[in-house]
>>> print(open('input.txt').read())   # compact mmCIF, C-alpha atoms
# COMPACT_ATOMS: atom_id res chain seq x y z
CA MET A 19 31.86 -166.20 37.27
CA PHE A 20 33.22 -164.04 34.45
CA PHE A 21 31.45 -164.34 31.11
CA TYR A 22 32.79 -162.51 28.11
CA HIS A 23 30.17 -161.09 25.75
CA ALA A 24 30.85 -160.43 22.07
CA LEU A 25 27.63 -158.48 21.62
CA GLN A 26 28.01 -154.78 22.34
CA ILE A 27 25.78 -151.71 21.97
CA ASN A 28 26.75 -148.36 20.50
CA GLU A 29 24.55 -146.15 22.69
CA ALA A 30 25.07 -143.09 20.48
CA GLN A 31 23.62 -145.00 17.53
CA CYS A 32 20.79 -146.71 19.44
CA THR A 33 17.32 -145.17 19.06
CA GLY A 34 15.72 -147.11 21.91
CA CYS A 35 13.15 -148.71 19.60
CA SER A 36 12.96 -151.79 21.92
CA ARG A 37 12.84 -154.36 19.11
CA CYS A 38 15.91 -156.09 20.54
CA MET A 39 14.38 -156.11 24.02
CA LYS A 40 11.21 -157.80 22.83
CA ILE A 41 12.99 -160.51 20.85
CA CYS A 42 15.67 -161.50 23.39
CA PRO A 43 15.02 -165.12 24.51
CA THR A 44 16.46 -164.60 28.01
CA GLU A 45 15.10 -161.08 28.69
CA ALA A 46 18.67 -159.77 28.80
CA ILE A 47 17.93 -156.33 27.35
CA ARG A 48 16.45 -153.25 28.98
CA ILE A 49 15.89 -149.73 27.64
CA HIS A 50 17.46 -146.96 29.75
CA ASP A 51 17.37 -143.31 28.69
CA ASN A 52 16.28 -144.22 25.16
CA ALA A 53 19.15 -146.68 24.69
CA ALA A 54 19.37 -150.44 25.03
CA ALA A 55 21.52 -152.07 27.72
CA ILE A 56 22.51 -155.75 27.92
CA SER A 57 22.47 -157.65 31.20
CA GLU A 58 25.70 -159.63 31.41
CA SER A 59 24.17 -162.25 33.70
CA ARG A 60 21.36 -163.05 31.24
CA CYS A 61 22.95 -162.68 27.79
CA ILE A 62 23.86 -165.91 25.96
CA ASP A 63 25.30 -164.21 22.83
CA CYS A 64 22.76 -165.86 20.55
CA GLY A 65 22.75 -162.78 18.31
CA LYS A 66 19.01 -162.37 17.77
CA CYS A 67 19.28 -158.74 18.82
CA PHE A 68 22.15 -158.18 16.38
CA LYS A 69 20.09 -159.49 13.48
CA ILE A 70 16.97 -157.44 14.21
CA CYS A 71 18.47 -154.05 15.15
CA PRO A 72 17.25 -151.54 12.51
CA SER A 73 19.84 -148.88 13.38
CA LYS A 74 22.80 -151.32 13.44
CA ALA A 75 23.61 -150.12 16.95
CA ILE A 76 24.38 -153.66 18.11
CA TYR A 77 27.74 -154.93 16.92
CA ILE A 78 29.98 -157.93 17.49
CA LYS A 79 33.50 -157.45 18.82
CA GLN A 80 36.29 -159.36 17.14
CA ASP A 81 40.06 -159.55 17.33
CA ASP A 82 41.91 -157.29 14.93
CA PHE A 83 43.05 -159.25 11.87
CA GLU A 84 46.50 -157.69 12.18
CA SER A 85 46.92 -159.44 15.55
CA ILE A 86 47.70 -162.68 13.70
CA PHE A 87 51.10 -161.20 12.84
CA ASN A 88 52.06 -161.28 16.52
CA PHE A 89 52.91 -164.95 15.93
CA PRO A 90 55.53 -166.48 13.59
CA CYS A 91 53.19 -169.46 13.08
CA ARG A 92 49.68 -168.29 12.18
CA VAL A 93 47.00 -170.97 12.02
CA ALA A 94 43.55 -170.37 10.55
CA LEU A 95 40.91 -172.72 11.96
CA ILE A 96 38.07 -172.59 9.44
CA PRO A 97 34.68 -174.30 9.79
CA SER A 98 33.39 -176.03 6.66
CA VAL A 99 30.54 -173.49 6.59
CA PHE A 100 33.13 -170.82 5.67
CA LEU A 101 33.93 -172.66 2.45
CA GLY A 102 30.18 -172.90 1.81
CA GLN A 103 30.02 -169.09 1.52
CA PHE A 104 31.77 -169.12 -1.84
CA PRO A 105 30.36 -169.99 -5.29
CA ASN A 106 30.75 -173.59 -6.45
CA ASP A 107 33.37 -172.65 -9.03
CA ILE A 108 35.75 -171.39 -6.30
CA SER A 109 37.65 -174.48 -5.20
CA VAL A 110 38.69 -175.42 -1.68
CA SER A 111 42.36 -175.38 -2.69
CA ARG A 112 42.01 -171.82 -4.01
CA ILE A 113 40.54 -170.57 -0.73
CA TYR A 114 43.31 -172.33 1.22
CA ALA A 115 45.91 -170.68 -1.01
CA ILE A 116 44.41 -167.21 -0.59
CA LEU A 117 44.26 -167.58 3.20
CA GLN A 118 47.99 -168.22 3.14
CA GLU A 119 48.57 -165.32 0.76
CA ILE A 120 46.88 -162.85 3.11
CA GLY A 121 48.89 -163.89 6.15
CA PHE A 122 48.15 -167.34 7.58
CA THR A 123 50.96 -169.89 7.48
CA HIS A 124 48.71 -172.93 8.01
CA VAL A 125 45.04 -173.75 7.46
CA PHE A 126 43.03 -176.43 9.27
CA GLU A 127 39.33 -177.17 9.05
CA THR A 128 37.85 -177.47 12.53
CA ASP A 129 35.52 -180.25 11.43
CA SER A 130 38.47 -182.57 10.79
CA SER A 131 38.11 -183.67 14.42
CA THR A 132 34.53 -184.85 13.83
CA THR A 133 35.42 -188.55 13.95
CA VAL A 134 37.12 -188.40 17.35
CA TYR A 135 34.40 -186.04 18.62
CA THR A 136 31.66 -188.46 17.53
CA ASN A 137 33.47 -191.45 19.01
CA ALA A 138 33.80 -189.66 22.34
CA LYS A 139 30.09 -188.77 22.42
CA ASN A 140 29.06 -192.32 21.54
CA ARG A 141 31.37 -193.73 24.20
CA TYR A 142 29.88 -191.31 26.72
CA PHE A 143 26.39 -192.42 25.71
CA VAL A 144 27.22 -196.07 26.39
CA GLU A 145 28.79 -195.28 29.77
CA HIS A 146 26.13 -192.85 31.04
CA LYS A 147 22.73 -194.23 30.11
CA ASP A 148 21.37 -193.31 33.54
CA ASN A 149 21.31 -189.57 32.79
CA LEU A 150 19.18 -189.03 29.70
CA PRO A 151 18.72 -187.13 27.51
CA HIS A 152 22.29 -186.29 26.64
CA ILE A 153 22.58 -182.77 25.21
CA SER A 154 25.33 -181.80 22.78
CA THR A 155 27.72 -178.99 23.73
CA PHE A 156 28.53 -178.25 20.07
CA CYS A 157 26.68 -174.91 20.13
CA PRO A 158 27.99 -172.56 22.89
CA ALA A 159 24.83 -170.42 22.82
CA ILE A 160 22.83 -173.53 23.77
CA VAL A 161 25.23 -174.33 26.61
CA ARG A 162 24.77 -170.83 28.02
CA LEU A 163 21.01 -170.98 27.44
CA ILE A 164 20.78 -174.12 29.56
CA GLN A 165 23.01 -172.58 32.22
CA VAL A 166 20.78 -169.53 32.65
CA LYS A 167 17.27 -170.69 31.70
CA PHE A 168 17.25 -174.45 32.28
CA PRO A 169 19.71 -175.03 35.16
CA GLY A 170 18.01 -178.33 35.97
CA LEU A 171 19.34 -179.72 32.68
CA VAL A 172 22.99 -178.68 33.17
CA ASP A 173 23.96 -182.21 34.20
CA ASN A 174 22.55 -183.50 30.90
CA LEU A 175 25.14 -181.56 28.88
CA ILE A 176 27.78 -183.89 27.46
CA PRO A 177 31.07 -182.75 29.08
CA ILE A 178 33.12 -183.04 25.89
CA LYS A 179 34.95 -180.27 24.06
CA ALA A 180 33.55 -179.06 20.74
CA PRO A 181 35.42 -179.76 17.46
CA ILE A 182 36.98 -176.27 17.43
CA ASP A 183 38.75 -177.03 20.74
CA ILE A 184 39.72 -180.59 19.77
CA THR A 185 41.26 -179.43 16.48
CA ALA A 186 43.13 -176.63 18.25
CA MET A 187 44.45 -179.17 20.76
CA TYR A 188 45.62 -181.39 17.89
CA VAL A 189 47.34 -178.47 16.16
CA ARG A 190 49.25 -177.49 19.30
CA LYS A 191 50.45 -181.06 19.83
CA LYS A 192 51.44 -181.37 16.18
CA PHE A 193 53.64 -178.26 16.24
CA LYS A 194 55.11 -179.18 19.62
CA GLU A 195 56.26 -182.54 18.25
CA GLU A 196 57.69 -180.99 15.08
CA LYS A 197 59.81 -178.65 17.28
CA ILE A 198 59.85 -175.96 14.59
CA TYR A 199 57.98 -173.43 16.72
CA LYS A 200 57.76 -172.90 20.45
CA ASP A 201 54.25 -173.13 21.86
CA ASP A 202 54.00 -169.36 22.41
CA GLU A 203 54.99 -168.80 18.77
CA VAL A 204 51.93 -170.63 17.49
CA GLY A 205 48.85 -168.42 17.15
CA ILE A 206 45.58 -170.24 16.46
CA PHE A 207 42.73 -168.11 15.12
CA TYR A 208 39.20 -169.39 14.67
CA ILE A 209 37.04 -167.99 11.87
CA THR A 210 33.64 -167.76 13.52
CA PRO A 211 30.15 -167.78 11.97
CA CYS A 212 28.54 -166.42 15.16
CA ALA A 213 28.98 -164.28 18.26
CA ALA A 214 28.50 -167.18 20.70
CA LYS A 215 31.72 -168.88 19.60
CA ILE A 216 33.66 -165.69 20.23
CA ALA A 217 32.32 -165.72 23.79
CA ALA A 218 33.14 -169.44 24.09
CA VAL A 219 36.80 -168.80 23.18
CA LYS A 220 37.18 -165.76 25.43
CA SER A 221 35.52 -167.35 28.47
CA PRO A 222 35.19 -171.10 27.87
CA VAL A 223 32.74 -173.15 29.90
CA GLY A 224 34.15 -176.18 31.69
CA GLU A 225 37.84 -175.23 31.24
CA ASP A 226 40.13 -172.43 32.35
CA LYS A 227 41.59 -171.38 29.01
CA SER A 228 40.96 -172.08 25.35
CA ASN A 229 43.65 -173.39 23.01
CA VAL A 230 42.49 -170.74 20.54
CA ASP A 231 44.34 -167.41 20.69
CA GLY A 232 41.93 -165.22 18.77
CA VAL A 233 38.71 -165.06 16.79
CA ILE A 234 38.15 -163.44 13.40
CA ASN A 235 34.62 -162.66 12.24
CA MET A 236 33.69 -164.74 9.21
CA ASP A 237 32.13 -161.88 7.30
CA ALA A 238 35.31 -159.79 7.65
CA LEU A 239 37.57 -162.60 6.43
CA TYR A 240 35.18 -163.51 3.62
CA ASN A 241 35.45 -159.96 2.29
CA ARG A 242 39.26 -160.14 2.35
CA VAL A 243 39.29 -163.45 0.49
CA TRP A 244 36.64 -162.37 -2.01
CA LYS A 245 38.56 -159.17 -2.76
CA ARG A 246 41.65 -161.27 -3.58
CA ILE A 247 39.59 -163.56 -5.82
CA LYS A 248 38.34 -160.53 -7.76
CA GLU A 249 41.88 -159.18 -8.08
CA GLN A 250 43.14 -162.49 -9.46
CA GLY A 251 40.39 -162.69 -12.06
CA SER A 252 40.86 -165.36 -14.71
CA SER A 253 44.65 -165.32 -14.34
CA TYR A 254 44.49 -167.71 -11.39
CA LYS A 255 46.00 -171.14 -12.04
CA GLU A 256 44.34 -173.94 -10.10
CA THR A 257 46.59 -176.06 -7.89
CA LYS A 258 45.80 -179.35 -6.21
CA LEU A 259 44.90 -179.21 -2.53
CA PRO A 260 48.10 -180.28 -0.71
CA ILE A 261 46.14 -182.20 1.90
CA ALA A 262 43.15 -184.54 1.79
CA GLN A 263 39.63 -183.14 1.97
CA LEU A 264 37.27 -183.66 4.89
CA SER A 265 35.00 -186.68 4.88
CA SER A 266 31.42 -186.15 3.73
CA ASP A 267 30.15 -186.67 7.29
CA SER A 268 32.52 -184.06 8.69
CA ILE A 269 31.53 -181.46 6.10
CA LEU A 270 27.90 -181.69 7.25
CA THR A 271 28.50 -181.81 11.03
CA SER A 272 27.83 -178.11 11.56
CA LEU A 273 24.45 -178.29 9.80
CA THR A 274 21.18 -179.42 11.35
CA ASN A 275 21.16 -183.23 11.81
CA GLY A 276 24.94 -183.26 11.41
CA GLU A 277 25.53 -184.80 14.84
CA ARG A 278 22.31 -186.73 15.11
CA ARG A 279 22.97 -188.77 11.97
CA MET A 280 26.22 -190.10 13.50
CA SER A 281 24.87 -190.75 16.99
CA ILE A 282 24.23 -194.31 18.16
CA ALA A 283 21.26 -193.09 20.22
CA ARG A 284 18.02 -194.55 18.86
CA HIS A 285 15.65 -191.82 20.07
CA SER A 286 17.10 -188.43 19.24
CA TYR A 287 16.07 -185.02 17.94
CA ALA A 288 17.85 -182.27 16.01
CA ILE A 289 16.34 -178.85 16.67
CA ASP A 290 17.54 -175.50 15.38
CA GLU A 291 16.62 -171.83 16.02
CA ILE A 292 16.68 -170.62 19.60
CA ASP A 293 12.92 -170.21 20.11
CA ASN A 294 12.28 -173.74 18.86
CA VAL A 295 14.97 -175.01 21.23
CA ILE A 296 13.43 -173.19 24.21
CA GLU A 297 9.97 -174.56 23.44
CA PHE A 298 11.35 -178.11 23.21
CA LEU A 299 13.43 -177.83 26.40
CA GLU A 300 10.37 -176.61 28.29
CA LYS A 301 8.58 -179.78 27.22
CA ILE A 302 11.56 -181.88 28.30
CA GLU A 303 11.69 -180.09 31.66
CA ASN A 304 7.96 -180.65 32.19
CA ASP A 305 8.23 -184.36 31.24
CA GLU A 306 5.91 -183.84 28.27
CA ILE A 307 8.34 -185.74 26.01
CA GLU A 308 9.70 -189.09 27.14
CA ASP A 309 12.34 -191.61 26.09
CA VAL A 310 14.65 -189.02 24.50
CA GLU A 311 18.27 -190.19 24.47
CA PHE A 312 20.15 -187.48 22.59
CA LEU A 313 19.49 -183.85 21.66
CA GLU A 314 21.35 -181.91 18.98
CA LEU A 315 20.38 -178.30 19.68
CA ARG A 316 21.53 -175.29 17.66
CA ALA A 317 20.73 -171.61 18.28
CA CYS A 318 20.57 -170.59 14.60
CA ASP A 319 18.16 -171.55 11.85
CA GLN A 320 19.95 -174.17 9.69
CA SER A 321 22.59 -174.28 12.44
CA CYS A 322 25.97 -172.71 11.61
CA ALA A 323 24.89 -171.92 8.04
CA GLY A 324 22.49 -169.40 9.59
CA GLY A 325 25.04 -167.86 11.96
CA ASN A 326 24.89 -164.11 12.43
CA LEU A 327 28.35 -163.60 10.92
CA THR A 328 27.84 -165.60 7.75
CA CYS A 329 27.63 -163.71 4.47
CA ASN A 330 25.26 -165.63 2.23
CA ASN A 331 21.78 -167.12 2.30
CA ARG A 332 21.73 -170.02 4.73
CA PHE A 333 19.81 -172.33 2.39
CA LEU A 334 22.22 -171.70 -0.50
CA THR A 335 25.12 -172.31 1.87
CA CYS A 336 23.61 -175.64 2.93
CA GLU A 337 23.20 -176.69 -0.70
CA LYS A 338 26.84 -175.85 -1.46
CA MET A 339 27.97 -177.88 1.53
CA PHE A 340 25.84 -180.84 0.47
CA ALA A 341 27.30 -180.58 -3.03
CA ARG A 342 30.82 -180.68 -1.59
CA ALA A 343 29.87 -183.65 0.61
CA ARG A 344 28.54 -185.57 -2.42
CA TYR A 345 31.74 -184.84 -4.33
CA VAL A 346 33.91 -186.08 -1.46
CA ALA A 347 31.68 -189.14 -0.90
CA ASP A 348 32.43 -190.27 -4.47
CA LYS A 349 36.16 -190.00 -3.77
CA GLU A 350 35.75 -191.89 -0.48
CA ARG A 351 34.11 -194.75 -2.35
CA ASN A 352 37.17 -194.87 -4.60
CA GLY A 353 39.39 -195.30 -1.55
CA GLU A 354 40.81 -191.78 -1.32
CA ARG A 355 42.05 -190.86 2.16
CA THR A 356 40.34 -188.02 4.02
CA ARG A 357 41.70 -185.28 6.30
CA GLU A 358 40.53 -187.15 9.41
CA SER A 359 43.12 -189.84 8.73
CA GLU A 360 45.81 -187.35 9.80
CA MET A 361 44.38 -187.41 13.32
CA GLU A 362 44.28 -191.21 13.57
CA LYS A 363 47.66 -191.48 15.31
CA GLU A 364 46.50 -188.93 17.93
CA HIS A 365 43.08 -190.50 18.39
CA GLU A 366 43.69 -191.89 21.88
CA TYR A 367 45.52 -188.75 23.05
CA LEU A 368 42.60 -186.58 21.97
CA LEU A 369 40.02 -188.90 23.51
CA HIS A 370 41.81 -188.72 26.85
CA ASN A 371 42.15 -184.94 26.84
CA MET A 372 38.83 -183.69 25.52
CA SER A 373 36.70 -183.89 28.65
CA LEU A 374 35.29 -180.69 30.12
CA GLY A 375 35.23 -179.84 33.78
CA GLU A 376 32.02 -179.25 35.67
CA ILE A 377 29.48 -177.11 33.84
CA GLU A 378 27.67 -175.06 36.45
CA PRO A 379 24.30 -173.29 36.38
CA ARG A 380 24.47 -169.55 35.98
CA SER A 381 21.99 -167.36 37.82
CA MET A 382 20.11 -164.76 35.77
CA LEU A 383 18.76 -163.09 38.88
CA SER A 384 20.76 -162.88 42.10
CA LEU A 385 18.48 -161.21 44.63
CA ASP A 386 20.74 -161.43 47.69
CA SER A 387 23.53 -163.58 49.12
CA ASP A 388 21.48 -163.83 52.33
CA ILE A 389 18.83 -166.52 51.78
CA SER A 390 16.29 -164.90 54.09
CA LYS A 391 16.64 -161.54 52.35
CA ALA A 392 16.44 -163.21 48.94
CA LEU A 393 13.18 -164.92 49.94
CA GLU A 394 11.84 -161.61 51.21
CA LYS A 395 12.63 -159.97 47.87
CA MET A 396 11.02 -162.85 46.00
CA ASN A 397 7.83 -162.30 47.99
CA LYS A 398 7.95 -158.61 47.06
CA ILE A 399 8.32 -159.56 43.38
CA ASN A 400 5.30 -161.84 43.57
CA THR A 401 3.25 -159.11 45.26
CA LEU A 402 4.25 -156.59 42.60
CA ARG A 403 3.33 -159.02 39.83
CA ASP A 404 -0.22 -159.12 41.12
CA LYS A 405 -0.41 -155.31 41.09
CA LEU A 406 1.01 -154.77 37.61
CA PRO A 407 -1.35 -154.81 34.58
CA GLN A 408 0.35 -157.81 32.86
CA LYS A 409 0.09 -156.16 29.46
CA ASP A 410 3.80 -156.59 28.64
CA CYS A 411 3.75 -153.36 26.61
CA GLY A 412 7.47 -152.67 27.13
CA ILE A 413 6.97 -148.91 27.60
CA CYS A 414 8.66 -149.11 31.01
CA GLY A 415 11.87 -150.37 29.38
CA ALA A 416 11.46 -153.98 30.52
CA PRO A 417 10.24 -156.77 28.20
CA THR A 418 7.47 -158.02 30.52
CA CYS A 419 5.62 -156.96 33.64
CA ASP A 420 7.27 -159.83 35.51
CA ALA A 421 10.71 -158.57 34.46
CA PHE A 422 9.69 -155.05 35.50
CA ALA A 423 8.74 -156.33 38.96
CA GLU A 424 12.18 -157.90 39.32
CA ASP A 425 13.84 -154.65 38.23
CA ILE A 426 11.88 -152.65 40.82
CA VAL A 427 12.84 -154.96 43.68
CA CYS A 428 16.49 -154.89 42.53
CA HIS A 429 16.33 -151.06 42.53
CA ASN A 430 16.85 -150.78 38.78
CA ARG A 431 13.41 -149.31 38.12
CA ASP A 432 10.71 -147.29 39.84
CA ILE A 433 7.07 -148.36 39.78
CA GLU A 434 6.15 -144.87 38.56
CA GLU A 435 7.78 -145.77 35.22
CA CYS A 436 4.77 -147.95 34.45
CA ILE A 437 2.23 -145.73 32.70
CA PHE A 438 -0.59 -147.77 34.25
CA MET A 439 0.71 -147.31 37.81
CA LYS A 440 1.47 -143.59 37.81
CA GLY A 441 -0.10 -141.91 40.79
CA CYS A 442 -1.09 -145.24 42.38
>>> encode(input="input.txt", output="structure tokens")
Amino acid sequence: MFFYHALQINEAQCTGCSRCMKICPTEAIRIHDNAAAISESRCIDCGKCFKICPSKAIYIKQDDFESIFNFPCRVALIPSVFLGQFPNDISVSRIYAILQEIGFTHVFETDSSTTVYTNAKNRYFVEHKDNLPHISTFCPAIVRLIQVKFPGLVDNLIPIKAPIDITAMYVRKKFKEEKIYKDDEVGIFYITPCAAKIAAVKSPVGEDKSNVDGVINMDALYNRVWKRIKEQGSSYKETKLPIAQLSSDSILTSLTNGERRMSIARHSYAIDEIDNVIEFLEKIENDEIEDVEFLELRACDQSCAGGNLTCNNRFLTCEKMFARARYVADKERNGERTRESEMEKEHEYLLHNMSLGEIEPRSMLSLDSDISKALEKMNKINTLRDKLPQKDCGICGAPTCDAFAEDIVCHNRDIEECIFMKGC
């Protein structure tokens, strides 16, 4: 299976310090010739290495902003967390207007599909109570984590598209019905807060092709918008948002507890930050925690507000999003329609077209296609583990002695590279 990876390493800039190797949750990084290398079969694009790299040698690939102009119709799909990057005195309508000034013809918030997404998950919960706990597929880094590290839980993933894909599907249908643009004239670009969602668009799990044409890094677009705000200064005249705002629930979906609070499951947990997620899934796998019905798992601290491509402090971003949700909630109580109402007429269409195909486990370590040879290599790995010092010092270029043993058997390392085994 092909898996696109947004995380890349500039070897010329890498100093081989091994900090990324030691922090990687799936042991996807090795140090070769004083430079880090990422294993494509293990990487889940969580971005922990990107955040910790002191030399900035790890970077995240994105589509060139100018590529939006390859399409007559240019749609920006923005998550609500993007709007949370800006100060409170910068209105939603102003950001929408600037996005159109810099090149986009239309702007949609991905979280506007939250209602149909939630209804689909709750319907799935009612129809599949024999396979608990159900695990959300909202965060693509978590989906890949389960594929590579917890393959026994793959069947627990809810096979439903994430809001980004549902909204993109709605946008394509909308323009097709309007008959203003041909389908290949509509370019949909997602503004991403993290590397994992870039990978999810480029090589989606459970479907052949994404409805999204490109991905723009949030920090890059934020800088473009902020530059325009500075240029406008106080001369800007506020205009009313031409469309309704999101509902308060939708605004908060991408934050921790955003899905859990709308789930009908009685026993559920919302867990963020990848190491916390791994610790909890290990307990689930070992039957240490029982009666769990639904899990909302996110790879980043504070969920999407803590994504590795966001620009501002995650806690301040959360507070801004809560402030916007409170503002909208007051309008909802006064009977004002929300953005989700636009999708009401397509509710059934979306529900019937948002299922994912089979989500398969993904092997981190393929020893051999021949079972007998694979078992023989596994025995060699176990024998080597007993010989190695189990100090996990990382000097050999592998994160642990166990990982080093695997590398030796796979002919990626020599036992002499262990300082404790030289001459043995």
>>> atom_distance(input="input.txt", atom1="atom CA of A:Leu299", atom2="atom CA of A:His23")
23.7 Å
>>> closest_residue(input="input.txt", among="A:Lys349, A:Lys40, A:His370, A:Lys74", to="A:Asn137", atoms="all atoms listed in the file")
A:His370
>>> residues_around(input="input.txt", residues="A:His152", least_positions_apart="3", cutoff="9 Å", atoms="all atoms listed in the file", output="MDAnalysis selection string")
chainID A and resid 143 146:147 149 173:176 310:314
>>> closest_residue(input="input.txt", among="A:Ser57, A:Ser321, A:Asn106, A:Asn430", to="A:Ser272", atoms="all atoms listed in the file")
A:Ser321
>>> closest_residue(input="input.txt", among="A:Ala423, A:Val189, A:Cys318, A:Met339", to="A:Gly65", atoms="all atoms listed in the file")
A:Cys318
>>> closest_residue(input="input.txt", among="A:Ile113, A:Ile182, A:Leu406, A:Cys419", to="A:Tyr254", atoms="all atoms listed in the file")
A:Ile113
>>> residues_around(input="input.txt", residues="A:Lys79", least_positions_apart="2", cutoff="9 Å", atoms="only C-alpha atoms", output="list in words")
His23, Ala24, Leu25, Gln26, Tyr77, Asp81, Ala213, Ile216 and Asn235 of chain A
>>> axis_aligned_box(input="input.txt", around="stretch 363-373 of chain A", padding_each_side="3 Å", output="AutoDock Vina command-line options")
--center_x 42.2 --center_y -187.8 --center_z 22.0 --size_x 17.0 --size_y 14.2 --size_z 19.3
>>> atom_distance(input="input.txt", atom1="atom CA of A:Gly205", atom2="atom CA of A:Ser130")
18.7 Å
>>> atom_distance(input="input.txt", atom1="atom CA of A:Met439", atom2="atom CA of A:Ile49")
18.4 Å
>>> closest_residue(input="input.txt", among="A:Ile56, A:Ala218, A:Leu383, A:Val125", to="A:Arg92", atoms="only C-alpha atoms")
A:Val125
>>> residues_around(input="input.txt", residues="A:Tyr22", least_positions_apart="2", cutoff="10 Å", atoms="only C-alpha atoms", output="PyMOL selection string")
chain A and resi 19-20+24-25+58+61-63+214+216-222
>>> closest_residue(input="input.txt", among="A:Ile76, A:Leu101, A:Ala341, A:Ala238", to="A:Met39", atoms="only C-alpha atoms")
A:Ile76
>>> residues_near_point(input="input.txt", point="(21.9, -173.8, -0.9)", cutoff="12 Å", atoms="all atoms listed in the file", output="JSON list (two decimals) with C-alpha atoms, in the frame of the given file")
[["chain", "number", "residue", "atom", "x", "y", "z"],
["A", 99, "VAL", "CA", 30.54, -173.49, 6.59],
["A", 102, "GLY", "CA", 30.18, -172.90, 1.81],
["A", 103, "GLN", "CA", 30.02, -169.09, 1.52],
["A", 104, "PHE", "CA", 31.77, -169.12, -1.84],
["A", 105, "PRO", "CA", 30.36, -169.99, -5.29],
["A", 106, "ASN", "CA", 30.75, -173.59, -6.45],
["A", 273, "LEU", "CA", 24.45, -178.29, 9.80],
["A", 320, "GLN", "CA", 19.95, -174.17, 9.69],
["A", 323, "ALA", "CA", 24.89, -171.92, 8.04],
["A", 324, "GLY", "CA", 22.49, -169.40, 9.59],
["A", 330, "ASN", "CA", 25.26, -165.63, 2.23],
["A", 331, "ASN", "CA", 21.78, -167.12, 2.30],
["A", 332, "ARG", "CA", 21.73, -170.02, 4.73],
["A", 333, "PHE", "CA", 19.81, -172.33, 2.39],
["A", 334, "LEU", "CA", 22.22, -171.70, -0.50],
["A", 335, "THR", "CA", 25.12, -172.31, 1.87],
["A", 336, "CYS", "CA", 23.61, -175.64, 2.93],
["A", 337, "GLU", "CA", 23.20, -176.69, -0.70],
["A", 338, "LYS", "CA", 26.84, -175.85, -1.46],
["A", 339, "MET", "CA", 27.97, -177.88, 1.53],
["A", 340, "PHE", "CA", 25.84, -180.84, 0.47],
["A", 341, "ALA", "CA", 27.30, -180.58, -3.03],
["A", 342, "ARG", "CA", 30.82, -180.68, -1.59]]
>>> residues_near_point(input="input.txt", point="(-4.1, -156.2, 29.4)", cutoff="12 Å", atoms="only C-alpha atoms", output="list of chain:residue names")
A:Leu406, A:Pro407, A:Gln408, A:Lys409, A:Asp410, A:Cys411, A:Thr418, A:Cys419, A:Phe438
>>> residues_around(input="input.txt", residues="stretch 202-204 of chain A", least_positions_apart="2", cutoff="8 Å", atoms="all atoms listed in the file", output="ChimeraX atom specification")
/A:89-93,190,193,199-200,206
>>> residues_around(input="input.txt", residues="A:Tyr114", least_positions_apart="5", cutoff="9 Å", atoms="all atoms listed in the file", output="number ranges by chain")
A: 109, 119, 124-125, 259
